[in-house]
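Student: One structure coming up, written as structure tokens, with questions to follow.
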Amino acid sequence: MTASVANTLITVDPQELRFQFELEKQTFCDLKVLNNTQHCVAFKVKTTSPKKYFVRPNTGVVHPWDSCIIRVTLQAQQEFTSDMQRKDKFLLQSTIVNPNTDVDELPPDTFNKDSGKSIEDLKLSVVYISPTSPQEITEDDTEKNSTQKLDTYSSQTLQRLMEERDATVIQTRQLQQELDMLKRRRNRRSDSGFSFNFVMFVGIIGFLVGLLLKLSLSSPPTE
């Protein structure tokens with residue numbers, strides 16, 4: 001279990017922000033801020049990577065001996081580098097404010113050390129861990145996950161291409177069968193037309209020959 005960190009005003013638990021890091025997935029870490037005094041304490045969260053993290057609330061007021069929860073959300077990341085964790089830091093500032101002060105009533109210079117106010121700082125580090133184990137994630141782990149995703153994508157792509165190839169082969173065979181059928185029908189029609197014409201021609205010739213024979217036989221003999 002991660003230990004807490006404290007100063008004279010507040011205690012923050014845990015002392016480091018631990019995120020279950022996965023590429024292209026959003027994740028979050030909750031911080032519990034406890035007021036250790038009988039005064040109202042205002043706090044403000046700062047980070048070295050404000051575009052990467054979403055902090056709510058990033059400013060607030062905790063009543064005496066009370067506590068609140070700060071949720072820090074890590075936006076979905078497209079890549080991982082080994083120096084991401086070392087570069088990302090959080091600073092939680094705290095100071096005593098007037099009783100019953102609301103967060104909207106905090107003066108602009110509340111956390112300005114040049115104003116002469118007593119501002120206490122707590123530094124928090126960032127740790128990325130694997131979602132499948134409590135171990136800290138490394139760049140090699142992320143590359144391994146990316147390789148596994150790529151292999152899965154490649155297998156799915158290959159399977160889809162094979163299915164499309166098989167479908168194309170079947171379609172080609174069907175088209176070839178339909179083409180052969182059309183050719184046979186056309187040939188049968190051509191043969192039928194030729195036979196019919198031949199029979200008609202032979203019939204006409206036979207009729208003419210028979211007519212000539214009949215006429216020759218029916219003609220009277222000449223003296």
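Identifiers for the structure tokens are assigned positionally: chains receive A, B, ... in sequence, residues are indexed from 1 per chain, and ligands are indexed from 1 in the order shown.
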Could you give me the residues within segment 6-183 of chain A that DSSP places in strand (DSSP E or B), as a ChimeraX atom specification?
Tutor: /A:6,10-13,16-20,27-35,40-47,53-56,59-62,67-74,89-97,120-129,136
Student: Which polymer residues have any atom within 9 Å of an atom of Pro99 of chain A, counting only C-alpha atoms, with same-chain residues fewer than 5 positions away left out, as a PyMOL selection string?
Tutor: chain A and resi 39-41+63
Student: Next, write the just-selected residues to a file, as a PDB file, in the first residue's frame, keeping N, CA, C and O atoms as the atom set.
Tutor:
```pdb
ATOM      1  N   HIS A  39      -8.047  25.191  11.144  1.00  0.00           N
ATOM      2  CA  HIS A  39      -8.293  26.326  10.250  1.00  0.00           C
ATOM      3  C   HIS A  39      -8.834  25.825   8.901  1.00  0.00           C
ATOM      4  O   HIS A  39      -8.691  24.653   8.550  1.00  0.00           O
ATOM      5  N   CYS A  40      -9.415  26.732   8.141  1.00  0.00           N
ATOM      6  CA  CYS A  40      -9.776  26.442   6.760  1.00  0.00           C
ATOM      7  C   CYS A  40      -8.504  26.504   5.907  1.00  0.00           C
ATOM      8  O   CYS A  40      -7.742  27.477   6.009  1.00  0.00           O
ATOM      9  N   VAL A  41      -8.296  25.502   5.121  1.00  0.00           N
ATOM     10  CA  VAL A  41      -7.080  25.419   4.306  1.00  0.00           C
ATOM     11  C   VAL A  41      -7.464  25.350   2.827  1.00  0.00           C
ATOM     12  O   VAL A  41      -8.281  24.501   2.427  1.00  0.00           O
ATOM     13  N   HIS A  63     -12.373  22.320   5.057  1.00  0.00           N
ATOM     14  CA  HIS A  63     -12.708  22.815   6.391  1.00  0.00           C
ATOM     15  C   HIS A  63     -11.888  22.076   7.462  1.00  0.00           C
ATOM     16  O   HIS A  63     -11.313  21.028   7.200  1.00  0.00           O
TER      17      HIS A  63
END
```
Student: Kindly indicate which residue among A:Asp180, A:Glu120, A:Glu105, A:Glu136 lies nearest to Thr8 of chain A, using only C-alpha atoms for the distances.
Tutor: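 For Thr8 of chain A, the nearest of the given residues is A:Glu120.
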Student: From the list A:Pro50, A:Leu23, A:Leu158, A:Thr59, which residue is nearest Pro108 of chain A when using only C-alpha atoms?
Tutor: A:Thr59
Student: So how far away is atom CA of Val55 of chain A from atom CA of Cys29 of chain A, in Å?
Tutor: 9.8 Å
Student: State, in Å with one decimal place, the distance from atom CA of Val33 of chain A to atom CA of Lys87 of chain A.
Tutor: 23.5 Å
Student: Restricting the calculation to only C-alpha atoms, which member of A:Leu17, A:Val62, A:Met84, A:Met162 is positioned closest to Asn98 of chain A?
Tutor: A:Val62
Student: Separation of atom CA of Thr11 of chain A and atom CA of Ile69 of chain A, in Å?
Tutor: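 Straight-line distance from atom CA of Thr11 of chain A to atom CA of Ile69 of chain A works out to 11.8 Å.
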Student: If you run DSSP on the backbone, which residues of segment 43-123 of chain A are helix (DSSP H, G or I), as a list of chain:residue names?
Tutor: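 Filtering segment 43-123 of chain A to helix (DSSP H, G or I) leaves A:Met84, A:Gln85, A:Arg86, A:Lys87, A:Val103, A:Asp104, A:Glu105, A:Lys113, A:Asp114, A:Ser115.
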Student: For the residues selected in the previous step, produce a file with N, CA, C and O atoms as a tab-separated table (two decimals), in the first residue's frame.
Tutor:
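Saved the output as again-v3.tsv:
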```tsv
chain	number	residue	atom	x	y	z
A	84	MET	N	8.48	9.68	-19.74
A	84	MET	CA	7.19	10.31	-19.44
A	84	MET	C	6.97	10.42	-17.95
A	84	MET	O	6.52	11.45	-17.44
A	85	GLN	N	7.26	9.33	-17.22
A	85	GLN	CA	7.01	9.33	-15.78
A	85	GLN	C	7.95	10.26	-15.05
A	85	GLN	O	7.57	10.91	-14.07
A	86	ARG	N	9.20	10.32	-15.51
A	86	ARG	CA	10.18	11.18	-14.83
A	86	ARG	C	9.88	12.66	-15.04
A	86	ARG	O	10.14	13.49	-14.17
A	87	LYS	N	9.35	12.99	-16.21
A	87	LYS	CA	9.07	14.39	-16.52
A	87	LYS	C	7.79	14.89	-15.84
A	87	LYS	O	7.69	16.07	-15.50
A	103	VAL	N	-14.47	28.59	-2.22
A	103	VAL	CA	-13.43	28.53	-3.24
A	103	VAL	C	-13.57	29.66	-4.25
A	103	VAL	O	-12.56	30.17	-4.78
A	104	ASP	N	-14.80	30.08	-4.53
A	104	ASP	CA	-15.01	31.18	-5.48
A	104	ASP	C	-14.59	32.53	-4.91
A	104	ASP	O	-14.48	33.50	-5.65
A	105	GLU	N	-14.39	32.58	-3.61
A	105	GLU	CA	-14.04	33.84	-2.95
A	105	GLU	C	-12.53	33.98	-2.72
A	105	GLU	O	-12.08	34.97	-2.14
A	113	LYS	N	3.55	33.36	-3.38
A	113	LYS	CA	4.48	33.46	-2.25
A	113	LYS	C	5.04	34.88	-2.08
A	113	LYS	O	5.47	35.25	-1.00
A	114	ASP	N	5.03	35.65	-3.15
A	114	ASP	CA	5.54	37.02	-3.07
A	114	ASP	C	4.63	37.92	-2.25
A	114	ASP	O	5.04	39.02	-1.85
A	115	SER	N	3.40	37.47	-2.00
A	115	SER	CA	2.47	38.29	-1.23
A	115	SER	C	2.76	38.24	0.27
A	115	SER	O	2.14	38.96	1.06
```
